[in-house]
Amino acid sequence: MKKLILIPFFAVAVVLTACAEKAYFKVAEMPNALVYLPAPPQQGEMRFAYDSAQYQWGKQMRATDRGAKAKADAEYSLERISAVFSPVFGVEISKRNTPELWRLLADATYTANMACHIAKKTYMRPRPYMVYNEPTLIPEDEEDLRHNGSYPSGHAIFGWTSALILMEINPAAADALLKEGYEYGQSRVIAGYHWQSDVDAARVVAGAAFARLHTSEAYLAQLSKAQKEFAKLKK
């Protein structure tokens, strides 16, 4: 059975499985995006002009097949990650079929998301639909996420971290996996929930978090289990 857990101020509404995540590090042990990332663009800056243009692009995509994908990508769950990545990964990613990989993804993406907590809380950047006072592609999420900072994007961190982990397990599928990870982040621009700079920054955060994960013996041990599991399934 699944339950909806709302994580305050720094993350999105996350659908968690009954198997609780275990972080590899504490928030204070993760790279601090507040230190190495620039502040989000402000209205009047050239950087914000690009954000605004991408917001308009996203609205144009909503009535297309790409918009339908963006709506589906609003689901922040390993089940959605499975649906997005399994076709190009080479095997079905699931708690039943790949339990070691499922465990790795659950714990690693949970830990990676911690790398944006401080920046999100500090900046509390208003989301595009709040600034423009316009509806999003997923109106039922609007009220909850008004109280959650936009910069960097938690969804984009989730998708990009997942792509990097899966690429490490199946490097032959690297290009396709990265493409899916990229598009998962872009879906948030299309949906109207994030600025392009939120998503771009999130990929940097995910890369930093991914590198930090490789300093954890527990992560490396679980990665090894997932790699062996994948090798057996491919045979």
# chains A, B, ... in the order shown; residues from 1 in each chain; ligands from 1

call {"tool": "closest_atom_pairs", "arguments": {"of": "segment 141-179 of chain A", "to": "segment 90-93 of chain A", "cutoff": "12 Å", "atoms": "only C-alpha atoms", "output": "Markdown table"}}
result
| residue | atom | partner | partner_atom | distance |
| --- | --- | --- | --- | --- |
| A:Ser162 | CA | A:Ile93 | CA | 11.5 |
| A:Leu166 | CA | A:Ile93 | CA | 10.0 |
| A:Met167 | CA | A:Gly90 | CA | 11.2 |
| A:Ile169 | CA | A:Gly90 | CA | 10.8 |
| A:Asn170 | CA | A:Gly90 | CA | 8.3 |
| A:Pro171 | CA | A:Gly90 | CA | 11.0 |
| A:Ala172 | CA | A:Gly90 | CA | 9.7 |
| A:Ala173 | CA | A:Gly90 | CA | 7.9 |
| A:Ala174 | CA | A:Gly90 | CA | 11.2 |
| A:Ala176 | CA | A:Gly90 | CA | 10.7 |
| A:Leu177 | CA | A:Gly90 | CA | 10.3 |

call {"tool": "write_last_selection", "arguments": {"atoms": "C-alpha atoms", "output": "short mmCIF file (atom, residue, chain, number, x, y, z; two decimals), in the first residue's frame"}}
result
data_model
loop_
_atom_site.label_atom_id
_atom_site.label_comp_id
_atom_site.auth_asym_id
_atom_site.auth_seq_id
_atom_site.Cartn_x
_atom_site.Cartn_y
_atom_site.Cartn_z
CA SER A 162 18.13 8.17 -11.58
CA LEU A 166 21.10 3.54 -14.25
CA MET A 167 23.81 4.60 -16.70
CA ILE A 169 24.72 -0.06 -14.19
CA ASN A 170 24.07 -0.29 -17.93
CA PRO A 171 26.57 1.99 -19.70
CA ALA A 172 25.54 0.63 -23.10
CA ALA A 173 22.24 2.48 -22.69
CA ALA A 174 23.82 5.71 -21.43
CA ALA A 176 19.02 6.92 -24.05
CA LEU A 177 18.97 7.00 -20.25
#

call {"tool": "closest_atom_pairs", "arguments": {"of": "segment 96-120 of chain A", "to": "segment 222-226 of chain A", "cutoff": "8 Å", "atoms": "only C-alpha atoms", "output": "tab-separated table"}}
result
residue	atom	partner	partner_atom	distance
A:Thr98	CA	A:Ala226	CA	7.7
A:Glu100	CA	A:Ala226	CA	5.0
A:Leu101	CA	A:Ala226	CA	4.7
A:Arg103	CA	A:Gln222	CA	7.9
A:Leu104	CA	A:Gln222	CA	6.0

call {"tool": "residues_around", "arguments": {"residues": "Arg125 of chain A", "least_positions_apart": "2", "cutoff": "10 Å", "atoms": "only C-alpha atoms", "output": "ChimeraX atom specification"}}
result
/A:39-42,119-123,127-128,130-131,146-152,194-195,198

call {"tool": "atom_distance", "arguments": {"atom1": "atom CA of Ala53 of chain A", "atom2": "atom CA of Ala68 of chain A"}}
result
20.7 Å

call {"tool": "select_by_dssp", "arguments": {"residues": "segment 117-187 of chain A", "states": "helix (DSSP H, G or I)", "output": "PyMOL selection string"}}
result
chain A and resi 117-123+128-132+139-145+154-169+171-187

call {"tool": "residues_around", "arguments": {"residues": "Trp160 of chain A", "least_positions_apart": "4", "cutoff": "8 Å", "atoms": "only C-alpha atoms", "output": "list in words"}}
result
Ala156, Leu164, Leu178, Gly181, Tyr182, Tyr184, Gly185, Arg203 and Ala206 of chain A

call {"tool": "atom_distance", "arguments": {"atom1": "atom CA of Tyr76 of chain A", "atom2": "atom CA of Val205 of chain A"}}
result
17.5 Å

call {"tool": "atom_distance", "arguments": {"atom1": "atom CA of Tyr129 of chain A", "atom2": "atom CA of Glu142 of chain A"}}
result
8.3 Å

call {"tool": "select_by_dssp", "arguments": {"residues": "segment 3-219 of chain A", "states": "strand (DSSP E or B)", "output": "number ranges by chain"}}
result
A: 3-6, 13-16

call {"tool": "write_last_selection", "arguments": {"atoms": "C-alpha atoms", "output": "PDB file, in the first residue's frame"}}
result
ATOM      1  CA  LYS A   3       0.716   6.624   1.191  1.00  0.00           C
ATOM      2  CA  LEU A   4       1.160  10.276   0.315  1.00  0.00           C
ATOM      3  CA  ILE A   5       3.739  12.049   2.437  1.00  0.00           C
ATOM      4  CA  LEU A   6       4.138  15.831   2.184  1.00  0.00           C
ATOM      5  CA  ALA A  13       4.744  15.701  -2.567  1.00  0.00           C
ATOM      6  CA  VAL A  14       6.355  12.316  -2.839  1.00  0.00           C
ATOM      7  CA  VAL A  15       4.617   8.983  -3.308  1.00  0.00           C
ATOM      8  CA  LEU A  16       6.618   6.543  -1.206  1.00  0.00           C
TER       9      LEU A  16
END

call {"tool": "closest_residue", "arguments": {"among": "A:Tyr110, A:Phe25, A:Phe230, A:Phe48", "to": "Phe89 of chain A", "atoms": "only C-alpha atoms"}}
result
A:Phe230

call {"tool": "residues_around", "arguments": {"residues": "Val204 of chain A", "least_positions_apart": "3", "cutoff": "9 Å", "atoms": "only C-alpha atoms", "output": "ChimeraX atom specification"}}
result
/A:33,37,157,200-201,207-209

call {"tool": "closest_residue", "arguments": {"among": "A:Asn32, A:Thr111, A:Ser153, A:Gly67", "to": "Gln196 of chain A", "atoms": "only C-alpha atoms"}}
result
A:Ser153

call {"tool": "residues_around", "arguments": {"residues": "Ala108 of chain A", "least_positions_apart": "4", "cutoff": "8 Å", "atoms": "only C-alpha atoms", "output": "MDAnalysis selection string"}}
result
chainID A and resid 23:24 104 112 213 219

call {"tool": "residues_around", "arguments": {"residues": "Gln54 of chain A", "least_positions_apart": "2", "cutoff": "8 Å", "atoms": "only C-alpha atoms", "output": "PyMOL selection string"}}
result
chain A and resi 50-52+56-58+189+195-196
